Structures are given as C-alpha cells and as structure tokens.
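A.B. asks: This is model_31.cif, which holds mmCIF, C-alpha atoms and all ligand atoms:
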data_my_file
#
loop_
_atom_site.label_atom_id
_atom_site.label_comp_id
_atom_site.auth_asym_id
_atom_site.auth_seq_id
_atom_site.Cartn_x
_atom_site.Cartn_y
_atom_site.Cartn_z
CA GLY A 28 85.99 -172.33 42.29
CA VAL A 29 83.33 -174.95 42.72
CA SER A 30 82.08 -177.67 40.37
CA LEU A 31 79.51 -180.26 41.37
CA PHE A 32 79.25 -183.95 40.60
CA PRO A 33 77.52 -185.07 38.48
CA GLU A 34 75.88 -181.98 36.90
CA HIS A 35 79.18 -180.26 35.98
CA GLY A 36 81.06 -183.35 34.80
CA ALA A 37 81.17 -187.09 35.07
CA SER A 38 84.96 -187.45 35.32
CA TYR A 39 87.61 -186.03 37.64
CA ASP A 40 89.34 -184.19 34.77
CA VAL A 41 86.20 -182.42 33.56
CA LEU A 42 85.18 -181.51 37.11
CA ARG A 43 88.61 -180.08 37.85
CA GLN A 44 88.76 -178.14 34.59
CA ASN A 45 85.33 -176.62 35.28
CA ALA A 46 86.26 -175.81 38.88
CA ASP A 47 89.31 -174.01 37.43
CA LEU A 48 87.10 -171.92 35.15
CA ALA A 49 84.94 -171.03 38.14
CA MET A 50 88.07 -170.14 40.12
CA TYR A 51 89.26 -167.71 37.41
CA ARG A 52 85.89 -165.99 37.55
CA ALA A 53 86.10 -165.86 41.38
CA LYS A 54 89.60 -164.36 41.19
CA SER A 55 88.47 -161.76 38.72
CA LEU A 56 85.82 -160.62 41.22
CA GLY A 57 88.40 -159.97 43.93
CA GLN A 58 89.68 -161.64 47.06
CA GLY A 59 87.62 -164.01 49.14
CA LYS A 60 85.02 -164.71 46.44
CA ILE A 61 83.51 -168.12 45.66
CA CYS A 62 82.04 -169.00 42.26
CA THR A 63 80.23 -172.09 41.03
CA TYR A 64 80.78 -173.30 37.47
CA GLU A 65 78.22 -172.29 34.82
CA THR A 66 78.17 -173.41 31.19
CA ALA A 67 78.50 -169.76 30.09
CA MET A 68 82.05 -169.86 31.52
CA ASP A 69 83.08 -172.34 28.81
CA GLU A 70 81.93 -169.87 26.22
CA THR A 71 83.82 -166.99 27.88
CA SER A 72 87.07 -168.94 28.14
CA ARG A 73 86.71 -170.24 24.59
CA ARG A 74 86.27 -166.68 23.34
CA ARG A 75 89.32 -165.56 25.33
CA ALA A 76 91.43 -168.39 23.89
CA GLU A 77 90.32 -167.42 20.36
CA LEU A 78 91.08 -163.78 20.99
CA ALA A 79 94.56 -164.72 22.28
CA ILE A 80 95.27 -166.55 19.00
CA ASP A 81 94.04 -163.57 16.97
CA LEU A 82 96.11 -161.22 19.11
CA LYS A 83 99.23 -163.22 18.39
CA ARG A 84 98.66 -162.77 14.64
CA ALA A 85 97.65 -159.13 14.89
CA LEU A 86 101.18 -157.73 14.87
CA VAL A 87 102.30 -159.57 11.74
CA ARG A 88 99.00 -158.80 10.05
CA ASN A 89 99.40 -155.11 10.74
CA GLU A 90 96.10 -154.82 12.57
CA PHE A 91 97.28 -152.36 15.21
CA GLU A 92 97.04 -148.63 14.87
CA LEU A 93 97.83 -145.73 17.15
CA HIS A 94 95.47 -142.88 17.78
CA TYR A 95 96.65 -139.67 19.40
CA GLN A 96 94.76 -137.61 21.95
CA VAL A 97 95.67 -134.00 22.47
CA GLN A 98 96.71 -132.65 25.87
CA ASN A 99 95.92 -128.98 26.38
CA ASP A 100 96.81 -126.03 28.53
CA THR A 101 93.49 -125.48 30.34
CA GLN A 102 93.85 -121.67 30.39
CA SER A 103 95.00 -120.86 26.86
CA GLY A 104 93.83 -123.97 24.99
CA ASP A 105 97.34 -124.39 23.60
CA ILE A 106 98.42 -127.90 22.71
CA ILE A 107 101.08 -129.25 25.04
CA GLY A 108 101.39 -132.77 23.67
CA PHE A 109 99.63 -135.96 22.59
CA GLU A 110 99.05 -139.37 24.18
CA ALA A 111 99.40 -142.40 21.91
CA LEU A 112 96.55 -144.89 22.43
CA LEU A 113 96.54 -148.34 20.92
CA ARG A 114 93.71 -149.52 18.65
CA TRP A 115 93.19 -153.04 17.32
CA ASN A 116 91.23 -153.36 14.08
CA HIS A 117 90.14 -156.98 14.28
CA PRO A 118 89.35 -158.45 10.83
CA ARG A 119 85.98 -159.88 11.94
CA LYS A 120 85.12 -158.22 15.23
CA GLY A 121 85.94 -154.68 14.14
CA ARG A 122 87.60 -152.39 16.64
CA VAL A 123 88.39 -154.14 19.93
CA PRO A 124 88.83 -151.66 22.84
CA PRO A 125 92.21 -151.66 24.66
CA ASN A 126 90.60 -152.57 27.96
CA ASP A 127 89.40 -155.81 26.32
CA PHE A 128 92.71 -156.94 24.85
CA ILE A 129 95.53 -155.31 26.85
CA PRO A 130 94.90 -157.45 29.96
CA LEU A 131 94.97 -160.52 27.68
CA ALA A 132 98.16 -159.30 26.01
CA GLU A 133 99.66 -158.91 29.49
CA GLN A 134 98.62 -162.39 30.62
CA THR A 135 100.01 -164.01 27.48
CA GLY A 136 103.24 -161.98 27.46
CA LEU A 137 102.40 -160.59 23.99
CA ILE A 138 102.40 -157.10 25.48
CA VAL A 139 106.21 -157.02 25.27
CA ASP A 140 106.24 -157.19 21.46
CA ILE A 141 103.09 -155.09 21.13
CA GLY A 142 104.50 -152.46 23.51
CA ASP A 143 107.69 -152.35 21.48
CA TRP A 144 105.68 -151.74 18.31
CA VAL A 145 103.77 -148.94 20.10
CA LEU A 146 107.01 -147.31 21.24
CA ARG A 147 108.61 -147.46 17.77
CA THR A 148 105.49 -146.26 15.97
CA ALA A 149 104.74 -143.41 18.38
CA CYS A 150 108.33 -142.14 18.30
CA ALA A 151 108.60 -142.38 14.50
CA THR A 152 105.24 -140.61 14.09
CA ALA A 153 106.08 -137.81 16.53
CA ALA A 154 109.44 -137.34 14.80
CA SER A 155 107.53 -136.75 11.54
CA TRP A 156 105.22 -134.04 12.96
CA SER A 157 105.73 -130.52 11.67
CA ARG A 158 105.90 -129.17 15.21
CA PRO A 159 107.94 -130.61 18.07
CA PHE A 160 105.15 -131.68 20.43
CA LYS A 161 105.67 -134.33 23.05
CA VAL A 162 104.24 -137.80 22.68
CA ALA A 163 103.20 -139.87 25.71
CA VAL A 164 103.42 -143.66 25.49
CA ASN A 165 101.73 -146.08 27.92
CA VAL A 166 103.99 -148.83 29.16
CA ALA A 167 102.76 -152.10 30.67
CA PRO A 168 104.32 -153.51 33.87
CA MET A 169 105.92 -156.44 32.04
CA GLN A 170 107.85 -154.12 29.70
CA LEU A 171 109.83 -152.89 32.70
CA ASN A 172 111.44 -156.34 32.90
CA TYR A 173 112.68 -156.20 29.32
CA ASP A 174 115.40 -153.58 29.56
CA LEU A 175 112.97 -150.77 28.84
CA ALA A 176 115.49 -147.92 29.14
CA LYS A 177 117.90 -149.60 26.72
CA ARG A 178 115.06 -150.24 24.29
CA VAL A 179 113.87 -146.63 24.55
CA ALA A 180 117.41 -145.36 23.89
CA GLU A 181 117.62 -147.56 20.75
CA VAL A 182 114.22 -146.42 19.48
CA LEU A 183 115.08 -142.75 20.01
CA ARG A 184 118.29 -143.26 18.06
CA GLU A 185 116.51 -145.13 15.24
CA THR A 186 113.66 -142.63 14.90
CA GLY A 187 115.62 -139.46 15.61
CA LEU A 188 113.10 -138.27 18.20
CA ALA A 189 114.66 -135.98 20.81
CA PRO A 190 114.45 -137.64 24.28
CA GLU A 191 112.67 -134.65 25.83
CA ARG A 192 109.81 -135.18 23.37
CA LEU A 193 109.01 -138.62 24.79
CA GLU A 194 106.98 -139.17 27.95
CA ILE A 195 106.54 -142.67 29.38
CA GLU A 196 103.28 -143.25 31.28
CA LEU A 197 103.37 -145.76 34.11
CA THR A 198 100.54 -146.84 36.38
CA GLU A 199 101.02 -147.82 39.95
CA THR A 200 100.19 -151.44 39.20
CA GLY A 201 103.26 -151.38 36.98
CA ILE A 202 105.38 -150.41 39.90
CA ILE A 203 104.19 -152.39 42.89
CA ALA A 204 105.40 -155.83 41.77
CA ASP A 205 109.04 -154.82 42.22
CA ARG A 206 109.33 -151.21 43.34
CA GLN A 207 113.12 -151.27 43.57
CA HIS A 208 113.52 -152.48 40.00
CA ALA A 209 110.82 -150.08 38.74
CA LEU A 210 112.68 -147.20 40.39
CA GLN A 211 115.92 -148.21 38.62
CA VAL A 212 114.06 -148.22 35.28
CA VAL A 213 112.51 -144.80 35.94
CA LEU A 214 115.91 -143.34 36.88
CA ALA A 215 117.49 -144.84 33.76
CA LEU A 216 114.73 -143.36 31.58
CA LYS A 217 115.19 -139.96 33.17
CA ALA A 218 118.94 -140.19 32.66
CA LEU A 219 118.19 -140.45 28.92
CA GLY A 220 116.28 -137.17 29.12
CA VAL A 221 112.86 -138.86 28.78
CA THR A 222 110.10 -137.72 31.16
CA VAL A 223 107.95 -140.12 33.16
CA ALA A 224 104.31 -139.57 34.15
CA MET A 225 102.22 -141.36 36.75
CA ASP A 226 99.00 -142.42 35.03
CA ASP A 227 95.60 -142.98 36.69
CA PHE A 228 96.71 -141.25 39.89
CA GLY A 229 94.48 -142.01 42.85
CA THR A 230 93.37 -145.47 41.76
CA GLY A 231 96.41 -147.38 43.08
CA TYR A 232 97.09 -148.86 46.48
CA SER A 233 99.54 -146.33 47.82
CA SER A 234 99.70 -143.41 45.44
CA LEU A 235 101.17 -141.10 48.07
CA SER A 236 104.09 -143.27 49.10
CA THR A 237 104.80 -143.96 45.42
CA LEU A 238 105.04 -140.22 44.81
CA GLN A 239 107.45 -139.89 47.70
CA VAL A 240 109.90 -142.39 46.18
CA PHE A 241 109.49 -141.98 42.41
CA PRO A 242 110.72 -138.78 40.73
CA PHE A 243 107.74 -138.38 38.39
CA ASP A 244 107.59 -135.44 35.99
CA LYS A 245 103.80 -135.40 35.80
CA ILE A 246 100.77 -136.66 37.70
CA LYS A 247 97.73 -137.63 35.64
CA VAL A 248 94.63 -137.57 37.85
CA ASP A 249 92.38 -140.46 36.92
CA LYS A 250 89.25 -139.64 34.93
CA SER A 251 86.98 -141.20 37.56
CA PHE A 252 87.68 -138.21 39.83
CA ILE A 253 87.30 -135.63 37.09
CA GLN A 254 83.96 -137.06 36.02
CA SER A 255 82.52 -136.57 39.49
CA VAL A 256 84.34 -133.34 40.30
CA GLU A 257 81.10 -131.35 40.11
CA THR A 258 78.76 -133.80 41.77
CA SER A 259 80.85 -135.40 44.52
CA VAL A 260 82.46 -133.38 47.29
CA HIS A 261 84.81 -136.29 47.85
CA ALA A 262 86.04 -136.35 44.25
CA ALA A 263 86.42 -132.55 44.29
CA ALA A 264 88.43 -132.76 47.53
CA ILE A 265 90.72 -135.44 46.05
CA VAL A 266 91.35 -133.38 42.90
CA LYS A 267 92.04 -130.30 45.02
CA ALA A 268 94.42 -132.20 47.30
CA THR A 269 96.25 -133.70 44.32
CA LEU A 270 96.71 -130.25 42.81
CA LEU A 271 98.08 -128.97 46.13
CA LEU A 272 100.38 -131.95 46.35
CA GLY A 273 101.61 -131.35 42.81
CA ARG A 274 102.24 -127.70 43.60
CA SER A 275 104.23 -128.45 46.75
CA LEU A 276 106.24 -131.18 45.04
CA ASN A 277 106.66 -129.02 41.96
CA ILE A 278 105.12 -131.65 39.68
CA PRO A 279 102.57 -130.56 37.03
CA VAL A 280 99.16 -132.19 37.35
CA LEU A 281 97.08 -133.13 34.30
CA ALA A 282 93.36 -133.88 34.56
CA GLU A 283 92.27 -136.91 32.48
CA GLY A 284 88.82 -137.38 31.00
CA VAL A 285 87.64 -133.75 30.87
CA GLU A 286 84.28 -133.96 29.09
CA THR A 287 82.34 -130.79 29.91
CA GLU A 288 82.84 -127.05 30.09
CA ALA A 289 81.67 -127.16 33.71
CA GLU A 290 84.41 -129.64 34.61
CA LEU A 291 86.95 -127.46 32.85
CA ARG A 292 85.75 -124.39 34.78
CA CYS A 293 86.09 -126.30 38.05
CA LEU A 294 89.59 -127.42 37.15
CA ARG A 295 90.67 -123.95 36.10
CA ALA A 296 89.29 -122.50 39.33
CA GLU A 297 91.37 -125.00 41.29
CA GLY A 298 94.50 -124.07 39.35
CA CYS A 299 94.80 -127.18 37.20
CA HIS A 300 96.83 -126.14 34.17
CA GLU A 301 96.74 -129.25 32.01
CA GLY A 302 93.83 -131.30 30.69
CA GLN A 303 92.99 -134.11 28.33
CA GLY A 304 89.54 -135.35 27.38
CA TYR A 305 86.70 -135.50 24.89
CA LEU A 306 85.99 -131.79 25.49
CA PHE A 307 89.27 -130.98 23.72
CA SER A 308 89.29 -133.93 21.35
CA ARG A 309 88.81 -137.68 21.18
CA PRO A 310 91.86 -139.76 20.27
CA ARG A 311 92.36 -139.40 16.49
CA PRO A 312 94.40 -141.18 13.80
CA ASN A 313 97.69 -139.56 12.84
CA VAL A 314 96.34 -138.19 9.57
CA ASP A 315 94.01 -135.94 11.60
CA ILE A 316 96.89 -134.80 13.80
CA VAL A 317 98.93 -133.91 10.74
CA GLY A 318 95.94 -131.89 9.47
CA LEU A 319 95.54 -130.19 12.83
CA LEU A 320 99.21 -129.20 12.98
CA GLN A 321 99.00 -127.88 9.44
CA ALA A 322 95.85 -125.84 10.26
CA GLN A 323 97.65 -124.45 13.29
CA ARG A 324 100.60 -123.46 11.17
CA ASP A 325 98.32 -121.81 8.57
CA ALA A 326 96.52 -119.90 11.32
CA ALA A 327 99.84 -118.75 12.78
CA ASP A 328 100.97 -117.58 9.33
CA GLY A 329 97.68 -115.79 8.65
CA SER A 330 97.10 -114.07 11.99
CA SER A 331 98.79 -113.35 15.29
CA SER A 332 96.98 -116.19 17.08
CA GLY A 333 98.37 -119.68 16.61
CA ASN A 334 95.94 -121.45 18.89
CA VAL A 335 93.51 -123.84 17.31
CA MET A 336 91.08 -125.67 19.54
CA VAL A 337 90.16 -129.11 18.31
CA ALA A 338 86.48 -130.01 18.30
P1 LIG B 1 94.86 -144.36 29.88
O1 LIG B 1 96.31 -144.45 29.59
O2 LIG B 1 94.46 -143.78 31.18
O3 LIG B 1 94.23 -143.56 28.65
C1 LIG B 1 93.14 -142.72 28.75
C2 LIG B 1 91.87 -143.39 28.34
O4 LIG B 1 90.78 -142.52 28.58
C3 LIG B 1 91.81 -143.73 26.85
O5 LIG B 1 91.02 -144.90 26.71
C4 LIG B 1 91.05 -142.52 26.29
O6 LIG B 1 90.43 -142.79 25.04
C5 LIG B 1 90.04 -142.32 27.38
N1 LIG B 1 89.53 -140.95 27.42
C6 LIG B 1 90.14 -139.81 27.03
N2 LIG B 1 89.36 -138.74 27.24
C7 LIG B 1 88.21 -139.21 27.78
C8 LIG B 1 87.00 -138.58 28.21
O7 LIG B 1 86.83 -137.36 28.16
N3 LIG B 1 86.04 -139.41 28.73
C9 LIG B 1 86.20 -140.75 28.81
N4 LIG B 1 85.20 -141.47 29.32
N5 LIG B 1 87.34 -141.38 28.41
C10 LIG B 1 88.32 -140.60 27.90
P2 LIG B 1 91.45 -146.08 25.77
O8 LIG B 1 92.11 -145.56 24.53
O9 LIG B 1 90.26 -146.98 25.62
O10 LIG B 1 92.57 -146.81 26.61
C11 LIG B 1 92.26 -147.40 27.84
C12 LIG B 1 93.51 -147.80 28.57
O11 LIG B 1 94.22 -148.82 27.84
C13 LIG B 1 94.53 -146.68 28.72
O12 LIG B 1 94.17 -145.83 29.79
C14 LIG B 1 95.79 -147.47 28.99
O13 LIG B 1 95.83 -147.88 30.33
C15 LIG B 1 95.58 -148.68 28.11
N6 LIG B 1 96.34 -148.47 26.85
C16 LIG B 1 95.99 -147.81 25.72
N7 LIG B 1 96.98 -147.84 24.82
C17 LIG B 1 97.99 -148.55 25.39
C18 LIG B 1 99.31 -148.94 24.96
O14 LIG B 1 99.78 -148.61 23.87
N8 LIG B 1 100.05 -149.70 25.83
C19 LIG B 1 99.57 -150.05 27.08
N9 LIG B 1 100.37 -150.80 27.87
N10 LIG B 1 98.37 -149.69 27.52
C20 LIG B 1 97.58 -148.94 26.69
MG MG B 2 97.78 -143.18 29.75
MG MG B 3 94.89 -142.75 32.66
#
Would you mind writing the file out in structure tokens?
Ligand code: C2E
Ligand code: MG
Ligand code: MG
C.D. replies:
Amino acid sequence: GVSLFPEHGASYDVLRQNADLAMYRAKSLGQGKICTYETAMDETSRRRAELAIDLKRALVRNEFELHYQVQNDTQSGDIIGFEALLRWNHPRKGRVPPNDFIPLAEQTGLIVDIGDWVLRTACATAASWSRPFKVAVNVAPMQLNYDLAKRVAEVLRETGLAPERLEIELTETGIIADRQHALQVVLALKALGVTVAMDDFGTGYSSLSTLQVFPFDKIKVDKSFIQSVETSVHAAAIVKATLLLGRSLNIPVLAEGVETEAELRCLRAEGCHEGQGYLFSRPRPNVDIVGLLQAQRDAADGSSSGNVMVA
C-alpha cells in the first residue's frame, strides 16, 4: 500500500492511515499486488465501517430472514430438501446480498452470533414443515471454533428436529485454516447423525485431497462449472470427473446453479441425480415453502402423482 507525500497527507499519521487503506485494497486483489491510495478508498472504508455498525444491530432489530431454495431429484423432479440462505433487510439500503455482508460479518466476528441465529431459525422452521424434508445450513469457518457440534446438538434438542434432517454445508476455505480441528468437528457432527456437505466443490485449493480425508455425505459442484457446462469443454470435463469421483467414493453429487433446461439435460445425461438452481426455483421465504408443501399434499390427496415442480 502506497501513499505519497504531500498529496495524500501532510502528517505521518494521515500518510500511514492512507497507505493502510491502499494496502487493504492491494490485499483484496490477491498476492503480490501494489496499490496507491485514492480518495475513493476513504469512502469505501467509511461505508464498510457504517455497514459493520448496522450489521451489529441487525440481529437485535430482527432484520435477518431466511429464504429456502429447493433441491430436486433431476430425473423425477421430486423435492429432496431445501437450503437455507440468509437475507438481510436493511432499513435504509433495502436487501443487502449475502456476498456483501457475510465477509464483513466474518471479519468482525459477528458471524458467530448470526450463524447461531441461522442454525436455530432453520432447524425450528424445518421442524414445523408438514413434510420431513432436509434443511441445509451454511456454516462459516469461524463457527467451527465455537463448539459447533455441541451447539448443533443443543439446537436439535430445543427445536425437536431429527438429526438426519439437518445438513451442514462447509466450504473448503472453512477447512484449510486448521484441517485437523475441522475434521474433529465434522466427525462430531456425523456422530450426532447430522450429514455434512462440501459446498462450492472445485473452487478450493485442494478439493481432491480434502475429499480423501473428510467423510462428506454430499458434494455440491460449484455453479461456475454448471453455468459453463454447455459452452466450455473444460467445465464439462470437470463436472463429468466430479460425478465419476462421487460415484466411486459413493458420495452423491448435487449440481448448484442449474438455470436452463439445456444444462439440466446435460447433467441428466452425465448421471447427475441432484440439482438446485433458478430452473427449479429461486430461494423463497418460508411462507412460500409452506404453501408449496401444502399444494404437494393436496396434489397427492387428489391424484396418484405427488410431484409438484416449482416455477
Ligand atoms: P452458496 O451456499 O453456494 O449458496 C448458493 C448461492 O447460489 C445462493 O446465493 C443462491 O441464491 C445462488 N443460486 C441458486 N441458484 C442459482 C442459479 O440458478 N443461478 C445463480 N446465478 N445463482 C443461484 P446467495 O443466497 O446470494 O448466497 C451466496 C453465498 O452466501 C452462499 O453461497 C453462501 O456461501 C453464503 N451464505 C448464504 N447464507 C449463509 C448463511 O446463513 N451462513 C453463511 N455462513 N453463509 C451464507
Ligand atoms: Mg451453500
Ligand atoms: Mg455453493
């Protein structure tokens, strides 16, 4: 991070503070990058600081909400479960996307309390559904250091959700900081009867060696591969190889981010049995899920087919 005298500050303190801002920008661009301070950086860091304050208040002010996205059997269209996805309804800014506030929640440590709220809410909601579908909950790396398995056991007891109805989603970045500890957490979760999925497969540093060590119950292929499955031979080859890997390791593979019929056809042809994406449904508030489950039940009562595809 570079700041120049005198245009970026007349005193040592201001120059150093501005060089720091430039350094954060450089770090965010990756290793070995150099950035020079610009006044716009003040604005960015001021906005981040404001957002961090708002984020801290968001839990007590009840501004979080969970939406649920359906996961489907790609052949029959049957529902196999739902993923809980966090939404923040900011009082002034409107809906802030998770990718904008989750990294901030992680940096400030707020993710531990927020993640706990997500876990409790998702389990309580799933326990209230009229049909016993699974619910998948994303867990941030930091939560692994806060006795996650013990917390999950408590929440399952409090909400009455059966352990086999909860799936914890971990990404590789959540694992690499301390693989040994992460493995202990995963084993403790599995001992409870909870399943554990590897999220965003293929985007990490060493997805293959992670699979060798961690006893995952599901592999979720990252949407970046699915979205180019038709147009890029490389993406198609990676999806195919992941499916083969899943088959030989006996781990189901779910394709994330399925948006088109053509992608679905490709996935079916390759023997991918599980999918999630806008083609099936966008993430929806719980009231819609309750309606969907009711419609499914009505259809099952009225005819022999109980399958309802969500638009
Ligand atoms: P993820 O866990 O990989 O979740 C899937 C993301 O893909 C969601 O984005 C979902 O809305 C989006 N998606 C689903 N289908 C499609 C599709 O067909 N096309 C496209 N383009 N996108 C699709 P969302 O809800 O914005 O969440 C982004 C990420 O934020 C999540 O990625 C997850 O890493 C994180 N996240 C969300 N909720 C939580 C949470 O409660 N706790 C933690 N720690 N992280 C969360
Ligand atoms: Mg996920
Ligand atoms: Mg994912």
A.B. asks: May I have the residues within 12 Å of segment 121-130 of chain A as a ChimeraX atom specification, using all atoms listed in the file and disregarding those fewer than 5 positions away in the same chain?
C.D. replies: /A:55,74-83,85,90-94,112-116,135-139,141-142,165-169
A.B. asks: Would you tabulate, counting all atoms listed in the file, all residues of segment 93-171 of chain A that have an atom at most 12 Å from an atom of segment 244-262 of chain A, showing the closest pair of atoms and their distance in Å to one decimal, sorted by chain then ascending number, as CSV?
C.D. replies:
residue,atom,partner,partner_atom,distance
A:Gln98,CA,A:Lys247,CA,11.0
A:Glu110,CA,A:Lys247,CA,11.7
A:Ala163,CA,A:Lys245,CA,11.1
A.B. asks: Distance atom CA of Leu235 of chain A-atom CA of Leu210 of chain A, one decimal place?
C.D. replies: 15.1 Å
A.B. asks: Pick out the residues sitting within 12 Å of Phe228 of chain A, and hand them over as JSON, numbers by chain; count only C-alpha atoms, and ignore anything fewer than 3 positions along from it in its own chain.
C.D. replies: {"A": [196, 197, 198, 199, 200, 224, 225, 231, 232, 233, 234, 235, 236, 237, 238, 243, 245, 246, 247, 248, 249, 250, 251, 252, 253, 265, 266, 268, 269, 270, 272, 273, 280, 281, 282, 283]}
A.B. asks: Print the selection's residues with C-alpha atoms to a file, as a PDB file, keeping the file's coordinate frame.
C.D. replies:
ATOM      1  CA  GLU A 196     103.280-143.250  31.280  1.00  0.00           C
ATOM      2  CA  LEU A 197     103.370-145.760  34.110  1.00  0.00           C
ATOM      3  CA  THR A 198     100.540-146.840  36.380  1.00  0.00           C
ATOM      4  CA  GLU A 199     101.020-147.820  39.950  1.00  0.00           C
ATOM      5  CA  THR A 200     100.190-151.440  39.200  1.00  0.00           C
ATOM      6  CA  ALA A 224     104.310-139.570  34.150  1.00  0.00           C
ATOM      7  CA  MET A 225     102.220-141.360  36.750  1.00  0.00           C
ATOM      8  CA  GLY A 231      96.410-147.380  43.080  1.00  0.00           C
ATOM      9  CA  TYR A 232      97.090-148.860  46.480  1.00  0.00           C
ATOM     10  CA  SER A 233      99.540-146.330  47.820  1.00  0.00           C
ATOM     11  CA  SER A 234      99.700-143.410  45.440  1.00  0.00           C
ATOM     12  CA  LEU A 235     101.170-141.100  48.070  1.00  0.00           C
ATOM     13  CA  SER A 236     104.090-143.270  49.100  1.00  0.00           C
ATOM     14  CA  THR A 237     104.800-143.960  45.420  1.00  0.00           C
ATOM     15  CA  LEU A 238     105.040-140.220  44.810  1.00  0.00           C
ATOM     16  CA  PHE A 243     107.740-138.380  38.390  1.00  0.00           C
ATOM     17  CA  LYS A 245     103.800-135.400  35.800  1.00  0.00           C
ATOM     18  CA  ILE A 246     100.770-136.660  37.700  1.00  0.00           C
ATOM     19  CA  LYS A 247      97.730-137.630  35.640  1.00  0.00           C
ATOM     20  CA  VAL A 248      94.630-137.570  37.850  1.00  0.00           C
ATOM     21  CA  ASP A 249      92.380-140.460  36.920  1.00  0.00           C
ATOM     22  CA  LYS A 250      89.250-139.640  34.930  1.00  0.00           C
ATOM     23  CA  SER A 251      86.980-141.200  37.560  1.00  0.00           C
ATOM     24  CA  PHE A 252      87.680-138.210  39.830  1.00  0.00           C
ATOM     25  CA  ILE A 253      87.300-135.630  37.090  1.00  0.00           C
ATOM     26  CA  ILE A 265      90.720-135.440  46.050  1.00  0.00           C
ATOM     27  CA  VAL A 266      91.350-133.380  42.900  1.00  0.00           C
ATOM     28  CA  ALA A 268      94.420-132.200  47.300  1.00  0.00           C
ATOM     29  CA  THR A 269      96.250-133.700  44.320  1.00  0.00           C
ATOM     30  CA  LEU A 270      96.710-130.250  42.810  1.00  0.00           C
ATOM     31  CA  LEU A 272     100.380-131.950  46.350  1.00  0.00           C
ATOM     32  CA  GLY A 273     101.610-131.350  42.810  1.00  0.00           C
ATOM     33  CA  VAL A 280      99.160-132.190  37.350  1.00  0.00           C
ATOM     34  CA  LEU A 281      97.080-133.130  34.300  1.00  0.00           C
ATOM     35  CA  ALA A 282      93.360-133.880  34.560  1.00  0.00           C
ATOM     36  CA  GLU A 283      92.270-136.910  32.480  1.00  0.00           C
TER      37      GLU A 283
END
A.B. asks: Choose the residue, out of A:Asp40, A:Asp328, A:Asp174, A:Glu286, that has the smallest atom-to-atom separation from Ala215 of chain A; count all atoms listed in the file.
C.D. replies: A:Asp174
A.B. asks: I'd like the interatomic distance between atom C16 of ligand LIG 1 (chain B) and atom CA of Tyr95 of chain A, to a tenth of an Å.
C.D. replies: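 These two atoms are separated by 10.3 Å.
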A.B. asks: Could you work out how far atom CA of Ile107 of chain A lies from atom CA of Ile316 of chain A, giving the answer in Å with one decimal?
C.D. replies: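 These atoms are spaced 13.2 Å apart.
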A.B. asks: My list of candidates is A:Leu219, A:Val182, A:Leu188, A:Val97. Which is closest to ligand LIG 1 (chain B) when distances are computed with only C-alpha atoms and all ligand atoms?
C.D. replies: A:Val97
A.B. asks: My list of candidates is A:Asn99, A:Thr63, A:Ser72, A:Ser38. Which is closest to ligand LIG 1 (chain B) when distances are computed with all atoms listed in the file?
C.D. replies: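 The answer is A:Asn99, which sits nearest to ligand LIG 1 (chain B).
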A.B. asks: If I put a ball of radius 10 Å at (88.7, -174.7, 38.0) in the file's coordinates, which residues poke into it when counting all atoms listed in the file, written as a VMD selection string?
C.D. replies: chain A and resid 28 to 30 41 to 53 62 to 64
A.B. asks: Find the residues near Tyr305 of chain A: any atom within 9 Å, counting only C-alpha atoms, skip ones fewer than 6 places away on the same chain, and give them as a list of chain:residue names.
C.D. replies: A:Gln96, A:Gly284, A:Val285, A:Glu286, A:Thr287, A:Ala338
A.B. asks: Please provide as a ChimeraX atom specification all residues within 12 Å of Arg295 of chain A, with the sequence filter that same-chain residues fewer than 2 positions apart are discarded (counting all atoms listed in the file).
C.D. replies: /A:100-104,266-267,270,280-282,285,288-293,297-302
A.B. asks: For segment 306-310 of chain A of the block above, can you save all heavy atoms as a compact mmCIF listing (two decimals), in the first residue's frame?
C.D. replies:
# COMPACT_ATOMS: atom_id res chain seq x y z
N LEU A 306 -33.75 -22.73 -12.26
CA LEU A 306 -34.65 -23.52 -13.11
C LEU A 306 -35.74 -24.19 -12.26
O LEU A 306 -36.90 -24.25 -12.67
CB LEU A 306 -33.86 -24.58 -13.88
CG LEU A 306 -34.67 -25.49 -14.79
CD1 LEU A 306 -35.28 -24.72 -15.95
CD2 LEU A 306 -33.82 -26.64 -15.33
N PHE A 307 -35.36 -24.67 -11.10
CA PHE A 307 -36.33 -25.33 -10.21
C PHE A 307 -37.07 -24.27 -9.39
O PHE A 307 -38.28 -24.25 -9.33
CB PHE A 307 -35.63 -26.31 -9.26
CG PHE A 307 -34.85 -27.37 -9.99
CD1 PHE A 307 -33.47 -27.35 -10.01
CD2 PHE A 307 -35.51 -28.37 -10.68
CE1 PHE A 307 -32.75 -28.33 -10.67
CE2 PHE A 307 -34.81 -29.35 -11.36
CZ PHE A 307 -33.42 -29.32 -11.36
N SER A 308 -36.32 -23.42 -8.75
CA SER A 308 -36.91 -22.29 -8.01
C SER A 308 -35.81 -21.40 -7.46
O SER A 308 -34.72 -21.86 -7.15
CB SER A 308 -37.75 -22.81 -6.84
OG SER A 308 -38.13 -21.73 -6.02
N ARG A 309 -36.12 -20.12 -7.34
CA ARG A 309 -35.23 -19.21 -6.61
C ARG A 309 -35.43 -19.46 -5.11
O ARG A 309 -36.45 -20.05 -4.73
CB ARG A 309 -35.60 -17.76 -6.93
CG ARG A 309 -35.16 -17.40 -8.32
CD ARG A 309 -35.34 -15.94 -8.65
NE ARG A 309 -34.84 -15.72 -9.99
CZ ARG A 309 -33.70 -15.08 -10.27
NH1 ARG A 309 -32.97 -14.56 -9.32
NH2 ARG A 309 -33.30 -14.94 -11.53
N PRO A 310 -34.51 -19.00 -4.28
CA PRO A 310 -34.75 -19.09 -2.83
C PRO A 310 -36.02 -18.29 -2.48
O PRO A 310 -36.22 -17.21 -3.03
CB PRO A 310 -33.51 -18.43 -2.22
CG PRO A 310 -32.47 -18.47 -3.29
CD PRO A 310 -33.19 -18.38 -4.59
